[in-house]
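Just below is one structure, and these are the notes that go with it.
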Amino acid sequence: MDTTAVSNHKFKRPQSGQDHTVQRTTPYRVACVIALIIIAILFTFPLYWIITGSFKDARTINSPVPVWFPVNPVISNYVRLFERPAFLWLYNTVFLCAMSMALTCVAAAMGGFALAKKRFAGRKALFSLFVCAMALPKQVILIPLLKEMAFLQLHNTLWAVILPTVGWPFGVFLMKQFSETLPGELLEAARIDGAGEFRTFTQIVLPIVKPGIGALAIFTFITAWNDYFLQLIMLNSTNVLTISLGIAKLQSELSTDFGLIMAGAALGSIPIILIFLLFQKFFTRGITMGAVKG
């Protein structure tokens with residue numbers, strides 16, 4: 001055996017890119033991990049309680065001693081829930097949030113790109129108007145918005161909730177900040193090559209600001225899902241209710257069926273969890289890219 005090769009192999013130092021530093025376990029790290037675990041348990045416990053409560057009978061739910069896990073799970077709550085138009089309510093909610101998400105992302109991406117890279121009269125004043133609109137409570141414009149939807153004959157339809165979210169000022173603001181990172185030389189090169197505005201936007205701008213669109217998609221979907229106030233004002237008929245309004249309708253005047261309500265809440269939480277898991281990568285990249293700009 002070649003002793004030189006063995007010696008070289010034995011005393012060969014790892015390259016700088018291959019160094020593996022071992023992080024020491026310190027009391028500070030242990031305290032941080034414990035704190036994060038406690039916070040995670042506190043945030044996930046309501047979801048756990050809803051899911052387990054949907055499989056409990058009325059006596060177990062109303063027991064003075066908390067039952068942390070159903071010993072004899074039942075599916076009667078879901079059976080009674082599906083006897084009502086729960087799937088229709090869920091479909092209405094998913095359709096409302098998906099359309100709001102798609103239209104808002106398209107409108108905000110175009111508006112943010114125009115405010116960031118186009119030069120036209122009143123650009124700064126228009127952007128200032130969007131920033132001021134972010135601080136405007138929705139309750140202030142509720143009556144004019146309600147009259148407008150009634151004039152357009154859209155009241156008591158899902159579009160009465162979808163259309164007001166399309167011009168979300170926060171979405172335009174967010175995409176404007178992302179569009180600021182676009183290199184001007186890249187856009188100028190596209191114009192020299194003969195690319196029009198539509199081609200430049202779809203083939204150059206959109207791939208670069210895709211993380212911002214992913215983050216905005218999650219924000220829009222969650223905001224539209226949780227916008228109980230606007231849904232309550234605009235929607236009245238049973239066939240156009242969302243899952244939030246449908247669950248609220250399950251409460252009676254004399255008693256509250258907590259098992260039925262928890263089953264509806266568990267059913268309604270599935271889409272929002274799936275959306276977050278699907279867009280989690282873009283959401284994280286969008287937050288980090290939006291925080292650091294060159």
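Lettering and numbering for the structure tokens are positional, with chains as A, B, ... in the shown order, residues counted from 1 in each chain, and ligands counted from 1 in the shown order.
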Within 12 Å of region 170-184 of chain A: each region 64-138 of chain A residue with its shortest pair, only C-alpha atoms, as a tab-separated table:
```
residue	atom	partner	partner_atom	distance
A:Ser100	CA	A:Gly171	CA	11.6
A:Met101	CA	A:Gly171	CA	10.3
A:Ala102	CA	A:Gly171	CA	11.8
A:Leu103	CA	A:Gly171	CA	10.9
A:Thr104	CA	A:Gly171	CA	7.2
A:Cys105	CA	A:Gly171	CA	7.3
A:Val106	CA	A:Gly171	CA	9.8
A:Ala107	CA	A:Val172	CA	7.8
A:Ala108	CA	A:Val172	CA	4.4
A:Ala109	CA	A:Met175	CA	5.6
A:Met110	CA	A:Val172	CA	8.4
A:Gly111	CA	A:Val172	CA	5.9
A:Gly112	CA	A:Lys176	CA	3.7
A:Phe113	CA	A:Ser179	CA	5.4
A:Ala114	CA	A:Lys176	CA	8.0
A:Leu115	CA	A:Lys176	CA	6.3
A:Ala116	CA	A:Glu180	CA	5.5
A:Lys117	CA	A:Glu180	CA	7.2
A:Lys118	CA	A:Gly184	CA	10.6
A:Arg123	CA	A:Lys176	CA	11.9
A:Lys124	CA	A:Lys176	CA	11.9
A:Leu126	CA	A:Val172	CA	11.1
A:Phe127	CA	A:Phe173	CA	7.9
A:Ser128	CA	A:Phe173	CA	9.8
A:Leu129	CA	A:Phe173	CA	10.6
A:Phe130	CA	A:Phe173	CA	7.2
A:Val131	CA	A:Phe173	CA	7.2
A:Cys132	CA	A:Phe170	CA	10.2
A:Ala133	CA	A:Phe170	CA	8.6
A:Met134	CA	A:Phe170	CA	6.1
A:Ala135	CA	A:Phe170	CA	9.7
A:Leu136	CA	A:Phe170	CA	11.3
```
Export of the given selection (N, CA, C and O atoms) as a tab-separated table (two decimals), in the first residue's frame:
```tsv
chain	number	residue	atom	x	y	z
A	100	SER	N	-61.10	35.83	-6.21
A	100	SER	CA	-60.51	37.03	-5.61
A	100	SER	C	-58.99	36.98	-5.68
A	100	SER	O	-58.34	37.98	-6.00
A	101	MET	N	-58.42	35.81	-5.41
A	101	MET	CA	-56.98	35.65	-5.45
A	101	MET	C	-56.44	35.86	-6.86
A	101	MET	O	-55.46	36.61	-7.06
A	102	ALA	N	-57.07	35.24	-7.86
A	102	ALA	CA	-56.56	35.33	-9.23
A	102	ALA	C	-56.69	36.75	-9.77
A	102	ALA	O	-55.72	37.31	-10.32
A	103	LEU	N	-57.86	37.35	-9.62
A	103	LEU	CA	-58.07	38.70	-10.16
A	103	LEU	C	-57.22	39.73	-9.44
A	103	LEU	O	-56.69	40.66	-10.06
A	104	THR	N	-57.08	39.59	-8.13
A	104	THR	CA	-56.28	40.54	-7.37
A	104	THR	C	-54.81	40.45	-7.74
A	104	THR	O	-54.13	41.48	-7.89
A	105	CYS	N	-54.29	39.23	-7.92
A	105	CYS	CA	-52.88	39.08	-8.28
A	105	CYS	C	-52.61	39.67	-9.67
A	105	CYS	O	-51.58	40.33	-9.87
A	106	VAL	N	-53.52	39.45	-10.62
A	106	VAL	CA	-53.32	40.00	-11.96
A	106	VAL	C	-53.36	41.52	-11.93
A	106	VAL	O	-52.49	42.21	-12.47
A	107	ALA	N	-54.40	42.07	-11.28
A	107	ALA	CA	-54.55	43.53	-11.23
A	107	ALA	C	-53.41	44.18	-10.45
A	107	ALA	O	-52.87	45.22	-10.86
A	108	ALA	N	-53.01	43.58	-9.34
A	108	ALA	CA	-51.94	44.16	-8.52
A	108	ALA	C	-50.60	44.07	-9.22
A	108	ALA	O	-49.78	45.00	-9.14
A	109	ALA	N	-50.34	42.97	-9.93
A	109	ALA	CA	-49.07	42.84	-10.65
A	109	ALA	C	-48.97	43.88	-11.75
A	109	ALA	O	-47.91	44.51	-11.93
A	110	MET	N	-50.04	44.09	-12.50
A	110	MET	CA	-50.00	45.10	-13.56
A	110	MET	C	-49.92	46.51	-12.98
A	110	MET	O	-49.14	47.35	-13.46
A	111	GLY	N	-50.72	46.78	-11.94
A	111	GLY	CA	-50.69	48.10	-11.33
A	111	GLY	C	-49.36	48.41	-10.67
A	111	GLY	O	-48.83	49.52	-10.79
A	112	GLY	N	-48.81	47.43	-9.95
A	112	GLY	CA	-47.52	47.64	-9.30
A	112	GLY	C	-46.39	47.85	-10.30
A	112	GLY	O	-45.51	48.70	-10.09
A	113	PHE	N	-46.42	47.12	-11.40
A	113	PHE	CA	-45.39	47.28	-12.44
A	113	PHE	C	-45.50	48.67	-13.09
A	113	PHE	O	-44.47	49.33	-13.33
A	114	ALA	N	-46.72	49.12	-13.34
A	114	ALA	CA	-46.89	50.44	-13.95
A	114	ALA	C	-46.42	51.54	-13.02
A	114	ALA	O	-45.76	52.49	-13.45
A	115	LEU	N	-46.73	51.43	-11.75
A	115	LEU	CA	-46.32	52.47	-10.80
A	115	LEU	C	-44.81	52.46	-10.55
A	115	LEU	O	-44.24	53.49	-10.22
A	116	ALA	N	-44.17	51.31	-10.72
A	116	ALA	CA	-42.75	51.20	-10.43
A	116	ALA	C	-41.88	51.57	-11.63
A	116	ALA	O	-40.84	52.23	-11.45
A	117	LYS	N	-42.28	51.18	-12.83
A	117	LYS	CA	-41.39	51.30	-13.98
A	117	LYS	C	-41.90	52.22	-15.09
A	117	LYS	O	-41.15	52.50	-16.02
A	118	LYS	N	-43.12	52.67	-15.02
A	118	LYS	CA	-43.65	53.57	-16.04
A	118	LYS	C	-43.60	55.00	-15.53
A	118	LYS	O	-43.83	55.26	-14.34
A	123	ARG	N	-48.10	59.98	-11.31
A	123	ARG	CA	-47.74	58.65	-10.81
A	123	ARG	C	-47.55	58.65	-9.30
A	123	ARG	O	-48.06	57.78	-8.60
A	124	LYS	N	-46.81	59.63	-8.80
A	124	LYS	CA	-46.57	59.69	-7.36
A	124	LYS	C	-47.84	60.00	-6.58
A	124	LYS	O	-48.06	59.45	-5.50
A	126	LEU	N	-50.86	59.15	-7.50
A	126	LEU	CA	-51.68	57.94	-7.54
A	126	LEU	C	-51.18	56.92	-6.54
A	126	LEU	O	-51.97	56.27	-5.84
A	127	PHE	N	-49.85	56.78	-6.42
A	127	PHE	CA	-49.31	55.84	-5.44
A	127	PHE	C	-49.61	56.31	-4.02
A	127	PHE	O	-49.92	55.49	-3.14
A	128	SER	N	-49.54	57.61	-3.78
A	128	SER	CA	-49.90	58.14	-2.47
A	128	SER	C	-51.36	57.87	-2.15
A	128	SER	O	-51.72	57.60	-0.99
A	129	LEU	N	-52.21	57.90	-3.16
A	129	LEU	CA	-53.63	57.59	-2.95
A	129	LEU	C	-53.82	56.13	-2.54
A	129	LEU	O	-54.64	55.83	-1.67
A	130	PHE	N	-53.06	55.23	-3.14
A	130	PHE	CA	-53.13	53.82	-2.77
A	130	PHE	C	-52.66	53.62	-1.33
A	130	PHE	O	-53.25	52.85	-0.57
A	131	VAL	N	-51.59	54.31	-0.95
A	131	VAL	CA	-51.08	54.18	0.42
A	131	VAL	C	-52.11	54.70	1.43
A	131	VAL	O	-52.33	54.09	2.48
A	132	CYS	N	-52.74	55.83	1.10
A	132	CYS	CA	-53.78	56.36	2.00
A	132	CYS	C	-54.98	55.43	2.08
A	132	CYS	O	-55.60	55.30	3.15
A	133	ALA	N	-55.32	54.78	0.97
A	133	ALA	CA	-56.46	53.86	0.97
A	133	ALA	C	-56.21	52.64	1.84
A	133	ALA	O	-57.16	52.01	2.33
A	134	MET	N	-54.94	52.29	2.07
A	134	MET	CA	-54.63	51.15	2.94
A	134	MET	C	-55.06	51.41	4.38
A	134	MET	O	-55.36	50.47	5.12
A	135	ALA	N	-55.07	52.68	4.79
A	135	ALA	CA	-55.45	53.03	6.16
A	135	ALA	C	-56.94	53.31	6.29
A	135	ALA	O	-57.40	53.64	7.39
A	136	LEU	N	-57.69	53.18	5.21
A	136	LEU	CA	-59.12	53.49	5.24
A	136	LEU	C	-59.91	52.27	5.68
A	136	LEU	O	-59.83	51.21	5.04
```
Thr165 (chain A) environment, 10 Å, only C-alpha atoms, sequence neighbours closer than 2 positions dropped, as a list of chain:residue names:
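Here the answer would be A:Cys97, A:Met99, A:Ser100, A:Met101, A:Leu103, A:Thr104, A:Trp159, A:Ala160, A:Val161, A:Ile162, A:Leu163, A:Gly167, A:Trp168, A:Pro169, A:Gly171, A:Thr220, A:Thr223, A:Ala224.
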Pairwise distance for CA of Gly214 (chain A) and CA of Thr202 (chain A), rounded to one decimal in Å
15.5 Å
Could you name the residues that touch Ser76 (chain A) at 12 Å or less, counting only C-alpha atoms, but leaving out those on the same chain fewer than 4 positions away, as a count of residues only?
16
Figure out the distance between CA of Leu250 (chain A) and CA of Thr60 (chain A), please, to one decimal in Å.
19.4 Å
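Each of A:Asn226, A:Gln203, A:Thr52, A:Asn77 was checked against Leu96 (chain A) using only C-alpha atoms; the smallest atom-to-atom distance is that of A:Asn226.
Comparing the minimum interatomic distances between Phe229 (chain A) and each of A:Ser269, A:Leu274, A:Lys147, A:Lys138, counting only C-alpha atoms, we find that A:Lys138 sits nearest.
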A:Arg59, A:Ala190, A:Ile51, A:Phe45 ranked by distance to Tyr78 (chain A), top pick (using only C-alpha atoms):
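Distance minimum relative to Tyr78 (chain A) lands on A:Ile51.
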As JSON, numbers by chain, which residues of region 152-214 of chain A does DSSP assign to helix (DSSP H, G or I)?
{"A": [159, 160, 161, 162, 163, 164, 165, 166, 169, 170, 171, 172, 173, 174, 175, 176, 177, 178, 179, 184, 185, 186, 187, 188, 189, 190, 191, 192, 197, 198, 199, 200, 201, 202, 203, 204, 205, 206, 207, 208, 210, 211, 212, 213, 214]}
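Counting only C-alpha atoms, Asn239 (chain A) has the following residues at most 10 Å away, ignoring those fewer than 3 positions along the same chain: A:Pro85, A:Leu88, A:Trp89, A:Asn92, A:Asn156, A:Thr157, A:Leu235, A:Asn236, A:Thr242, A:Gly246.
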Ranking A:Ala86, A:Ala217, A:Leu36, A:Val166 by minimum distance to Ala265 (chain A) and counting only C-alpha atoms, which one comes first?
A:Ala86
Between CA of Val74 (chain A) and CA of Tyr228 (chain A), what is the spacing in Å?
29.7 Å
For Ile272 (chain A), the nearest of the candidates A:Leu241, A:Ala98, A:Leu154, A:Leu230, counting only C-alpha atoms
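The answer is A:Ala98, which sits nearest to Ile272 (chain A).
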